[in-house]
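As provided, work-v3.cif (mmCIF, C-alpha atoms and all ligand atoms) reads as follows.
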data_coords
loop_
_atom_site.group_PDB
_atom_site.id
_atom_site.type_symbol
_atom_site.label_atom_id
_atom_site.label_comp_id
_atom_site.auth_asym_id
_atom_site.auth_seq_id
_atom_site.Cartn_x
_atom_site.Cartn_y
_atom_site.Cartn_z
ATOM 1 C CA MET A 1 0.000 0.000 0.000
ATOM 2 C CA ILE A 2 1.129 3.539 -0.707
ATOM 3 C CA LYS A 3 -0.296 6.122 1.640
ATOM 4 C CA LEU A 4 -0.232 9.881 1.071
ATOM 5 C CA GLU A 5 -0.496 12.116 4.112
ATOM 6 C CA SER A 6 -1.149 15.833 3.653
ATOM 7 C CA ILE A 7 0.974 16.256 0.533
ATOM 8 C CA TYR A 8 1.728 19.869 -0.335
ATOM 9 C CA LYS A 9 3.773 21.066 -3.305
ATOM 10 C CA SER A 10 4.288 24.500 -4.814
ATOM 11 C CA PHE A 11 6.395 26.050 -7.565
ATOM 12 C CA GLU A 12 7.667 29.602 -7.133
ATOM 13 C CA GLY A 13 5.080 30.352 -4.478
ATOM 14 C CA ARG A 14 2.187 28.900 -6.501
ATOM 15 C CA THR A 15 0.409 25.987 -4.817
ATOM 16 C CA VAL A 16 0.076 23.006 -7.126
ATOM 17 C CA LEU A 17 -0.887 20.271 -4.627
ATOM 18 C CA ASP A 18 -2.636 21.024 -1.365
ATOM 19 C CA ASP A 19 -3.298 18.614 1.499
ATOM 20 C CA ILE A 20 -3.636 15.424 -0.548
ATOM 21 C CA ASN A 21 -4.518 12.392 1.566
ATOM 22 C CA PHE A 22 -5.119 9.027 -0.072
ATOM 23 C CA SER A 23 -4.373 5.307 0.225
ATOM 24 C CA PHE A 24 -3.451 3.340 -2.907
ATOM 25 C CA GLU A 25 -4.178 -0.267 -2.080
ATOM 26 C CA ASP A 26 -2.466 -3.540 -3.066
ATOM 27 C CA GLY A 27 -3.994 -5.650 -5.807
ATOM 28 C CA LYS A 28 -6.104 -2.737 -6.983
ATOM 29 C CA THR A 29 -5.895 -0.542 -10.037
ATOM 30 C CA ASN A 30 -5.768 2.933 -8.524
ATOM 31 C CA LEU A 31 -6.471 5.810 -10.906
ATOM 32 C CA ILE A 32 -5.575 9.464 -10.545
ATOM 33 C CA ILE A 33 -7.879 11.560 -12.717
ATOM 34 C CA GLY A 34 -8.429 15.264 -13.243
ATOM 35 C CA GLN A 35 -8.447 18.075 -15.778
ATOM 36 C CA SER A 36 -5.294 19.063 -17.590
ATOM 37 C CA GLY A 37 -3.069 21.051 -15.219
ATOM 38 C CA SER A 38 -4.809 19.786 -12.063
ATOM 39 C CA GLY A 39 -1.583 18.313 -10.666
ATOM 40 C CA LYS A 40 -1.707 14.594 -11.576
ATOM 41 C CA THR A 41 1.794 14.419 -13.043
ATOM 42 C CA VAL A 42 3.296 16.452 -10.208
ATOM 43 C CA LEU A 43 1.646 14.067 -7.739
ATOM 44 C CA ILE A 44 2.913 10.906 -9.426
ATOM 45 C CA LYS A 45 6.390 12.493 -9.661
ATOM 46 C CA CYS A 46 6.263 13.187 -5.911
ATOM 47 C CA ILE A 47 5.231 9.594 -5.248
ATOM 48 C CA VAL A 48 8.104 8.078 -7.254
ATOM 49 C CA GLY A 49 10.618 10.552 -5.819
ATOM 50 C CA LEU A 50 11.286 12.676 -8.925
ATOM 51 C CA LEU A 51 9.936 15.694 -6.990
ATOM 52 C CA THR A 52 9.973 16.340 -3.250
ATOM 53 C CA PRO A 53 6.830 17.686 -1.596
ATOM 54 C CA GLU A 54 7.399 20.574 0.827
ATOM 55 C CA LYS A 55 4.993 19.089 3.348
ATOM 56 C CA GLY A 56 3.499 15.688 4.046
ATOM 57 C CA HIS A 57 4.538 12.061 3.969
ATOM 58 C CA ILE A 58 4.557 9.285 1.380
ATOM 59 C CA LEU A 59 4.458 5.886 3.039
ATOM 60 C CA TYR A 60 5.416 2.746 1.134
ATOM 61 C CA ASP A 61 3.968 -0.080 3.214
ATOM 62 C CA GLY A 62 4.516 2.104 6.272
ATOM 63 C CA ARG A 63 8.014 3.248 5.243
ATOM 64 C CA ASP A 64 8.337 7.027 4.920
ATOM 65 C CA PHE A 65 9.987 7.697 1.541
ATOM 66 C CA ASN A 66 11.483 11.038 2.459
ATOM 67 C CA ALA A 67 12.974 9.686 5.677
ATOM 68 C CA MET A 68 14.865 6.951 3.797
ATOM 69 C CA ASP A 69 18.608 7.151 3.205
ATOM 70 C CA LYS A 70 20.138 6.725 -0.274
ATOM 71 C CA LYS A 71 20.563 2.972 0.096
ATOM 72 C CA GLU A 72 16.959 2.458 1.199
ATOM 73 C CA LYS A 73 15.669 4.619 -1.665
ATOM 74 C CA LYS A 74 17.754 2.615 -4.139
ATOM 75 C CA ALA A 75 16.326 -0.639 -2.772
ATOM 76 C CA LEU A 76 12.800 0.771 -2.983
ATOM 77 C CA ARG A 77 13.356 1.881 -6.596
ATOM 78 C CA ARG A 78 14.076 -1.749 -7.461
ATOM 79 C CA GLU A 79 10.561 -2.517 -6.298
ATOM 80 C CA MET A 80 9.039 0.019 -8.699
ATOM 81 C CA GLY A 81 8.000 -0.648 -12.286
ATOM 82 C CA MET A 82 7.198 2.293 -14.549
ATOM 83 C CA ILE A 83 5.386 2.712 -17.824
ATOM 84 C CA PHE A 84 5.772 6.157 -19.274
ATOM 85 C CA GLN A 85 3.558 8.089 -21.712
ATOM 86 C CA SER A 86 5.657 7.224 -24.717
ATOM 87 C CA ALA A 87 6.661 3.595 -24.384
ATOM 88 C CA ALA A 88 10.277 4.811 -24.114
ATOM 89 C CA LEU A 89 11.809 1.655 -25.518
ATOM 90 C CA PHE A 90 15.381 1.554 -26.784
ATOM 91 C CA ASP A 91 15.122 1.583 -30.580
ATOM 92 C CA SER A 92 18.483 -0.065 -31.085
ATOM 93 C CA LEU A 93 17.652 -3.028 -28.852
ATOM 94 C CA SER A 94 15.410 -5.932 -29.815
ATOM 95 C CA VAL A 95 12.139 -6.520 -27.960
ATOM 96 C CA LEU A 96 13.802 -9.265 -25.886
ATOM 97 C CA GLU A 97 16.815 -7.047 -25.104
ATOM 98 C CA ASN A 98 14.486 -4.218 -24.024
ATOM 99 C CA VAL A 99 12.752 -6.500 -21.512
ATOM 100 C CA MET A 100 16.126 -7.846 -20.363
ATOM 101 C CA PHE A 101 17.466 -4.340 -19.734
ATOM 102 C CA PRO A 102 16.340 -3.979 -16.082
ATOM 103 C CA LEU A 103 17.375 -7.570 -15.413
ATOM 104 C CA ASP A 104 20.855 -6.905 -16.838
ATOM 105 C CA MET A 105 21.072 -3.771 -14.664
ATOM 106 C CA PHE A 106 19.789 -5.105 -11.362
ATOM 107 C CA SER A 107 19.557 -8.892 -11.317
ATOM 108 C CA ASN A 108 22.327 -11.256 -10.265
ATOM 109 C CA ASP A 109 20.772 -14.143 -12.191
ATOM 110 C CA THR A 110 22.730 -15.948 -14.895
ATOM 111 C CA TYR A 111 22.314 -14.811 -18.512
ATOM 112 C CA ARG A 112 20.257 -17.924 -19.231
ATOM 113 C CA ASP A 113 17.884 -17.195 -16.336
ATOM 114 C CA ARG A 114 17.564 -13.542 -17.365
ATOM 115 C CA VAL A 115 16.604 -14.610 -20.892
ATOM 116 C CA LYS A 116 14.097 -17.073 -19.437
ATOM 117 C CA ARG A 117 12.542 -14.403 -17.197
ATOM 118 C CA ALA A 118 12.296 -11.900 -20.072
ATOM 119 C CA GLN A 119 10.688 -14.550 -22.284
ATOM 120 C CA PHE A 120 8.235 -15.392 -19.509
ATOM 121 C CA CYS A 121 7.222 -11.704 -19.262
ATOM 122 C CA LEU A 122 6.873 -11.421 -23.045
ATOM 123 C CA ASP A 123 4.733 -14.535 -23.021
ATOM 124 C CA ARG A 124 2.548 -12.958 -20.315
ATOM 125 C CA VAL A 125 1.790 -10.018 -22.602
ATOM 126 C CA ASN A 126 1.321 -12.311 -25.619
ATOM 127 C CA LEU A 127 4.418 -11.194 -27.470
ATOM 128 C CA THR A 128 6.460 -14.383 -27.579
ATOM 129 C CA ASP A 129 6.745 -14.241 -31.362
ATOM 130 C CA ALA A 130 7.991 -10.651 -31.428
ATOM 131 C CA GLN A 131 11.071 -11.128 -29.268
ATOM 132 C CA ASN A 132 13.588 -10.656 -32.090
ATOM 133 C CA LYS A 133 11.855 -7.659 -33.650
ATOM 134 C CA TYR A 134 12.905 -4.045 -33.033
ATOM 135 C CA PRO A 135 10.552 -1.378 -31.598
ATOM 136 C CA GLY A 136 10.355 0.349 -34.996
ATOM 137 C CA GLU A 137 8.951 -2.839 -36.520
ATOM 138 C CA ILE A 138 5.967 -3.270 -34.157
ATOM 139 C CA SER A 139 2.741 -1.298 -33.535
ATOM 140 C CA GLY A 140 2.182 1.274 -30.761
ATOM 141 C CA GLY A 141 -0.003 -1.181 -28.847
ATOM 142 C CA MET A 142 2.687 -3.856 -29.063
ATOM 143 C CA GLN A 143 5.271 -1.334 -27.887
ATOM 144 C CA LYS A 144 3.088 -0.631 -24.837
ATOM 145 C CA ARG A 145 2.928 -4.362 -24.148
ATOM 146 C CA VAL A 146 6.728 -4.563 -24.358
ATOM 147 C CA ALA A 147 6.868 -1.662 -21.864
ATOM 148 C CA ILE A 148 4.548 -3.608 -19.548
ATOM 149 C CA ALA A 149 6.685 -6.760 -19.882
ATOM 150 C CA ARG A 150 9.779 -4.680 -19.079
ATOM 151 C CA ALA A 151 8.064 -3.002 -16.115
ATOM 152 C CA ILE A 152 7.186 -6.354 -14.534
ATOM 153 C CA ALA A 153 10.518 -8.060 -15.294
ATOM 154 C CA LEU A 154 11.862 -7.446 -11.792
ATOM 155 C CA GLN A 155 8.547 -8.430 -10.166
ATOM 156 C CA PRO A 156 7.819 -4.965 -8.767
ATOM 157 C CA LYS A 157 5.611 -4.362 -5.747
ATOM 158 C CA TYR A 158 4.571 -0.978 -7.126
ATOM 159 C CA LEU A 159 3.614 -0.160 -10.709
ATOM 160 C CA PHE A 160 3.298 3.410 -12.024
ATOM 161 C CA CYS A 161 1.721 4.192 -15.371
ATOM 162 C CA ASP A 162 1.578 7.713 -16.748
ATOM 163 C CA GLU A 163 -1.166 7.923 -19.419
ATOM 164 C CA PRO A 164 -0.642 4.312 -20.596
ATOM 165 C CA ASN A 165 -3.244 4.689 -23.353
ATOM 166 C CA SER A 166 -1.967 7.855 -24.944
ATOM 167 C CA GLY A 167 -1.732 7.489 -28.701
ATOM 168 C CA LEU A 168 -3.663 4.206 -28.794
ATOM 169 C CA ASP A 169 -7.023 3.488 -30.457
ATOM 170 C CA PRO A 170 -9.931 2.655 -28.090
ATOM 171 C CA LYS A 171 -9.806 -1.095 -28.753
ATOM 172 C CA THR A 172 -6.077 -1.387 -28.143
ATOM 173 C CA SER A 173 -6.499 0.807 -25.033
ATOM 174 C CA LEU A 174 -8.945 -1.757 -23.644
ATOM 175 C CA VAL A 175 -6.398 -4.535 -24.203
ATOM 176 C CA ILE A 176 -3.703 -2.536 -22.380
ATOM 177 C CA ASP A 177 -6.098 -1.662 -19.525
ATOM 178 C CA ALA A 178 -7.150 -5.286 -19.115
ATOM 179 C CA LEU A 179 -3.537 -6.404 -19.107
ATOM 180 C CA ILE A 180 -2.485 -3.898 -16.436
ATOM 181 C CA HIS A 181 -5.556 -4.757 -14.361
ATOM 182 C CA ASP A 182 -4.983 -8.530 -14.598
ATOM 183 C CA ILE A 183 -1.282 -8.264 -13.811
ATOM 184 C CA THR A 184 -2.050 -6.037 -10.813
ATOM 185 C CA THR A 185 -4.376 -8.657 -9.343
ATOM 186 C CA GLU A 186 -2.129 -11.562 -10.281
ATOM 187 C CA TYR A 187 0.984 -10.116 -8.577
ATOM 188 C CA ASN A 188 -0.935 -8.180 -5.898
ATOM 189 C CA MET A 189 0.890 -4.988 -6.900
ATOM 190 C CA THR A 190 0.018 -1.457 -5.854
ATOM 191 C CA THR A 191 -0.710 0.076 -9.242
ATOM 192 C CA ILE A 192 -1.179 3.804 -9.811
ATOM 193 C CA ILE A 193 -2.338 5.068 -13.194
ATOM 194 C CA ASN A 194 -2.520 8.674 -14.236
ATOM 195 C CA THR A 195 -5.225 8.903 -16.890
ATOM 196 C CA HIS A 196 -7.608 11.039 -18.925
ATOM 197 C CA ASP A 197 -9.281 7.996 -20.419
ATOM 198 C CA MET A 198 -12.925 7.631 -19.384
ATOM 199 C CA ASN A 199 -12.989 4.043 -20.671
ATOM 200 C CA SER A 200 -10.271 3.269 -18.129
ATOM 201 C CA VAL A 201 -12.266 4.965 -15.370
ATOM 202 C CA MET A 202 -15.355 2.870 -16.151
ATOM 203 C CA GLY A 203 -13.438 -0.314 -16.934
ATOM 204 C CA ILE A 204 -10.652 -0.711 -14.389
ATOM 205 C CA GLY A 205 -11.236 2.036 -11.782
ATOM 206 C CA ASP A 206 -11.076 -0.100 -8.621
ATOM 207 C CA SER A 207 -10.134 3.034 -6.751
ATOM 208 C CA ILE A 208 -10.228 6.587 -8.103
ATOM 209 C CA LEU A 209 -8.707 9.810 -6.827
ATOM 210 C CA TYR A 210 -10.120 12.894 -8.541
ATOM 211 C CA ILE A 211 -7.956 15.981 -8.266
ATOM 212 C CA TYR A 212 -9.355 19.430 -8.936
ATOM 213 C CA GLN A 213 -6.963 22.392 -8.999
ATOM 214 C CA GLY A 214 -4.468 20.619 -6.770
ATOM 215 C CA HIS A 215 -6.787 19.309 -4.070
ATOM 216 C CA LYS A 216 -8.628 16.034 -3.580
ATOM 217 C CA GLU A 217 -12.147 16.744 -4.777
ATOM 218 C CA TRP A 218 -13.561 13.205 -4.702
ATOM 219 C CA GLU A 219 -12.624 9.575 -4.172
ATOM 220 C CA GLY A 220 -14.488 6.361 -4.898
ATOM 221 C CA THR A 221 -14.751 3.399 -7.254
ATOM 222 C CA LYS A 222 -15.958 3.044 -10.843
ATOM 223 C CA ASN A 223 -19.354 2.007 -9.449
ATOM 224 C CA ASP A 224 -19.550 5.061 -7.202
ATOM 225 C CA VAL A 225 -19.027 7.292 -10.235
ATOM 226 C CA PHE A 226 -22.571 6.549 -11.427
ATOM 227 C CA THR A 227 -24.210 7.763 -8.253
ATOM 228 C CA ALA A 228 -21.744 10.508 -7.335
ATOM 229 C CA THR A 229 -23.326 13.865 -6.620
ATOM 230 C CA ASN A 230 -20.121 15.865 -6.813
ATOM 231 C CA GLU A 231 -20.824 18.415 -9.522
ATOM 232 C CA ARG A 232 -17.210 18.964 -10.551
ATOM 233 C CA LEU A 233 -16.681 15.215 -10.908
ATOM 234 C CA ASN A 234 -19.856 14.831 -12.931
ATOM 235 C CA ASN A 235 -18.907 17.715 -15.199
ATOM 236 C CA PHE A 236 -15.520 16.135 -15.742
ATOM 237 C CA ILE A 237 -16.572 12.504 -16.255
ATOM 238 C CA PHE A 238 -19.837 13.060 -18.064
ATOM 239 C CA ALA A 239 -18.636 15.928 -20.215
ATOM 240 C CA SER A 240 -20.046 14.328 -23.369
ATOM 241 C CA ASP A 241 -23.741 13.704 -24.091
ATOM 242 C CA LEU A 242 -22.932 10.082 -24.851
ATOM 243 C CA LEU A 243 -21.435 9.478 -21.413
ATOM 244 C CA ARG A 244 -24.353 11.268 -19.719
ATOM 245 C CA LYS A 245 -26.654 8.781 -21.485
ATOM 246 C CA VAL A 246 -24.488 5.894 -20.264
ATOM 247 C CA LYS A 247 -24.828 7.234 -16.729
ATOM 248 C CA ASP A 248 -28.621 7.609 -17.022
ATOM 249 C CA GLU A 249 -28.976 4.079 -18.437
ATOM 250 C CA GLY A 250 -26.728 2.728 -15.681
ATOM 251 C CA LEU A 251 -28.867 4.377 -13.004
ATOM 252 C CA LYS A 252 -32.099 3.033 -14.550
ATOM 253 C CA GLN A 253 -30.734 -0.515 -14.380
ATOM 254 C CA ARG A 254 -30.003 -0.267 -10.638
HETATM 255 N N1 LIG B 301 8.579 22.095 -12.867
HETATM 256 C C1 LIG B 301 7.533 22.920 -12.765
HETATM 257 N N2 LIG B 301 7.708 24.232 -12.504
HETATM 258 C C2 LIG B 301 6.664 25.084 -12.392
HETATM 259 N N3 LIG B 301 5.377 24.705 -12.517
HETATM 260 C C3 LIG B 301 5.136 23.412 -12.785
HETATM 261 C C4 LIG B 301 6.192 22.445 -12.934
HETATM 262 N N4 LIG B 301 5.646 21.222 -13.181
HETATM 263 C C5 LIG B 301 4.308 21.412 -13.210
HETATM 264 N N5 LIG B 301 4.006 22.713 -12.975
HETATM 265 C C6 LIG B 301 2.637 23.270 -12.896
HETATM 266 O O1 LIG B 301 1.875 22.481 -12.018
HETATM 267 C C7 LIG B 301 0.524 22.404 -12.460
HETATM 268 C C8 LIG B 301 0.092 20.967 -12.526
HETATM 269 O O2 LIG B 301 0.762 20.333 -13.593
HETATM 270 P P1 LIG B 301 0.649 18.794 -13.937
HETATM 271 O O3 LIG B 301 1.613 18.519 -15.048
HETATM 272 O O4 LIG B 301 0.792 17.993 -12.712
HETATM 273 O O5 LIG B 301 -0.838 18.692 -14.480
HETATM 274 P P2 LIG B 301 -1.599 17.404 -15.031
HETATM 275 O O6 LIG B 301 -2.837 17.260 -14.230
HETATM 276 O O7 LIG B 301 -0.669 16.228 -15.077
HETATM 277 O O8 LIG B 301 -1.957 17.861 -16.511
HETATM 278 P P3 LIG B 301 -2.035 17.013 -17.879
HETATM 279 O O9 LIG B 301 -3.236 16.151 -17.737
HETATM 280 O O10 LIG B 301 -2.190 18.054 -18.914
HETATM 281 O O11 LIG B 301 -0.753 16.227 -18.010
HETATM 282 C C9 LIG B 301 0.457 23.129 -13.790
HETATM 283 O O12 LIG B 301 -0.049 24.420 -13.578
HETATM 284 C C10 LIG B 301 1.906 23.182 -14.225
HETATM 285 O O13 LIG B 301 2.145 24.320 -15.011
#

Please re-express this file's structure in structure tokens.
Ligand SMILES: Nc1ncnc2c1ncn2[C@@H]1O[C@H](COP(=O)(O)OP(=O)(O)OP(=O)(O)O)[C@@H](O)[C@H]1O
Amino acid sequence: MIKLESIYKSFEGRTVLDDINFSFEDGKTNLIIGQSGSGKTVLIKCIVGLLTPEKGHILYDGRDFNAMDKKEKKALRREMGMIFQSAALFDSLSVLENVMFPLDMFSNDTYRDRVKRAQFCLDRVNLTDAQNKYPGEISGGMQKRVAIARAIALQPKYLFCDEPNSGLDPKTSLVIDALIHDITTEYNMTTIINTHDMNSVMGIGDSILYIYQGHKEWEGTKNDVFTATNERLNNFIFASDLLRKVKDEGLKQR
């Protein structure tokens, strides 16, 4: 579990995050949602240690991140898997070599075992046949799957995904969402996804944190979204007529 206690962050005197409290639970797909500029990226950067909040605590299974020394932070980073907006694969390395990269960096296993582990992860994301291809030779959705295989290579306890569906068509986005959701349950990881994608909210939102202008405006699950009375949340989620209809139909069926 990752727990946020009263997180505060500002830039040049301008408050960007104010008093954020939230618990991201194990085995759940936790989403951070909010309008552009609301502070989602700054928050996820604070959580992974790329930014330091001026106030508050970030607890990784009870361990205060900012109270850790360098060695402890390094050990914790080994427990983190990350999937960035662009898949950020190495173009000059094959798919297999990309997935092996973190293993080559951090694992003491033999070469043979590292290859086996990378192949296992590629198999998990259904990319066994693509292992000798290069990123330039596969689709955006496949690249995302390679990024997922790479992120889970070291069996992380915590998985961070920044806009994992950016640049993907809706159908491929569903495949990626389902994969992240399944892997989260399978490995009981604490997964945090920063997203704009309403399909993700409705599909895999086990736990949702809605940020509005830097503060926590609402929290709940994908089911709670349908009955939520928070006006800002409703304006954000049901911005389109189509989604408003989905909400109305959903309420009728209850
Ligand atoms: N390094 C920085 N220096 C100054 N201001 C920053 C910095 N990083 C972010 N900000 C500001 O913090 C606010 C929140 O930005 P953030 O990138 O977290 O928004 P976001 O919710 O992730 O938006 P989007 O959905 O568009 O990615 C914005 O007003 C942004 O300009």

Each side padded by 4 Å, which centre and which edge lengths in Å (one decimal) define the axis-aligned box around the listed atoms of ligand LIG 301 (chain B)? Give them as AutoDock Vina command-line options.
--center_x 2.7 --center_y 20.6 --center_z -15.5 --size_x 19.8 --size_y 16.9 --size_z 14.9

**OP:** For ligand LIG 301 (chain B), collect every residue having any atom at a distance of at most 9 Å from a ligand atom (counting all atoms listed in the file); output as JSON, numbers by chain.
**Re:** {"A": [10, 11, 12, 14, 15, 16, 17, 33, 34, 35, 36, 37, 38, 39, 40, 41, 42, 43, 44, 45, 51, 162, 163, 194, 195, 196, 211, 212, 213, 214]}

Identify, on the basis of only C-alpha atoms, every residue whose closest approach to segment 231-237 of chain A does not exceed 7 Å; exclude the query and any residue fewer than 2 positions from it along the same chain; express the result as a JSON list (two decimals) with C-alpha atoms, in the coordinates of the input.
[["chain", "number", "residue", "atom", "x", "y", "z"],
["A", 198, "MET", "CA", -12.92, 7.63, -19.38],
["A", 229, "THR", "CA", -23.33, 13.86, -6.62],
["A", 239, "ALA", "CA", -18.64, 15.93, -20.22]]

Subject >> Residue nearest Val99 of chain A among A:Thr221, A:Thr172, A:Ser23, A:Gln143 (counting all atoms listed in the file) >> reply: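 The closest residue to Val99 of chain A is A:Gln143.
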
**OP:** Using atom CA of Phe84 of chain A and atom CA of Ala151 of chain A as the two end points, give the distance in Å to one decimal.
**Re:** 10.0 Å

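The interatomic distance for the pair atom CA of Lys216 of chain A and atom CA of Asp18 of chain A works out to 8.1 Å.
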
Original post:
Leaving out Arg78 of chain A and any residue of its chain fewer than 6 positions from it, which residues lie within 8 Å of it when counting all atoms listed in the file, given as a list in words?
Top reply: Phe106, Leu154 and Pro156 of chain A

**OP:** Using only C-alpha atoms, find the one residue out of A:Ser92, A:Phe160, A:Leu4, A:Cys121 that sits nearest to Arg77 of chain A.
**Re:**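 Looking only at the distances to Arg77 of chain A, the closest residue turns out to be A:Phe160.
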
**OP:** Find the residues near Glu79 of chain A: any atom within 12 Å, counting only C-alpha atoms, skip ones fewer than 2 places away on the same chain, and give them as a PyMOL selection string.
**Re:** chain A and resi 48+60-61+72-77+81-82+102+106+151-160+189-191

Original post:
Quick one: of A:Arg124, A:Arg150, A:Lys28, A:Arg114, who's nearest to Met80 of chain A, counting all atoms listed in the file?
Top reply: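 Selected residue with least distance to Met80 of chain A: A:Arg150.
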
Subject >> Selected residue of minimal separation from Tyr8 of chain A among A:Lys222, A:Lys70, A:Lys252, A:His215, counting all atoms listed in the file >> reply: A:His215

**OP:** In Å, rounded to a single decimal, give me how far atom CA of Leu89 of chain A is from atom CA of Met1 of chain A.
**Re:** 28.2 Å

Subject >> Result set of the PyMOL selection byres (((chain A and resi 128) around 12) and not hetatm) on the coordinates above, as JSON, numbers by chain >> reply: {"A": [95, 96, 99, 116, 118, 119, 120, 121, 122, 123, 124, 125, 126, 127, 129, 130, 131, 132, 133, 142, 145, 146, 149]}

**OP:** Name the residues that the PyMOL selection byres (((chain A and resi 21) around 6) and not hetatm) pulls out of this structure, and write them as number ranges by chain.
**Re:** A: 4-6, 20, 22

**OP:** List, as a list of chain:residue names, every residue that the PyMOL selection byres (((chain A and resi 165) around 8) and not hetatm) selects in the file provided.
**Re:**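 On the file shown, the PyMOL selection byres (((chain A and resi 165) around 8) and not hetatm) covers A:Gln85, A:Glu163, A:Pro164, A:Ser166, A:Gly167, A:Leu168, A:Ser173, A:Ile176, A:Asp177, A:Thr195, A:Asp197.
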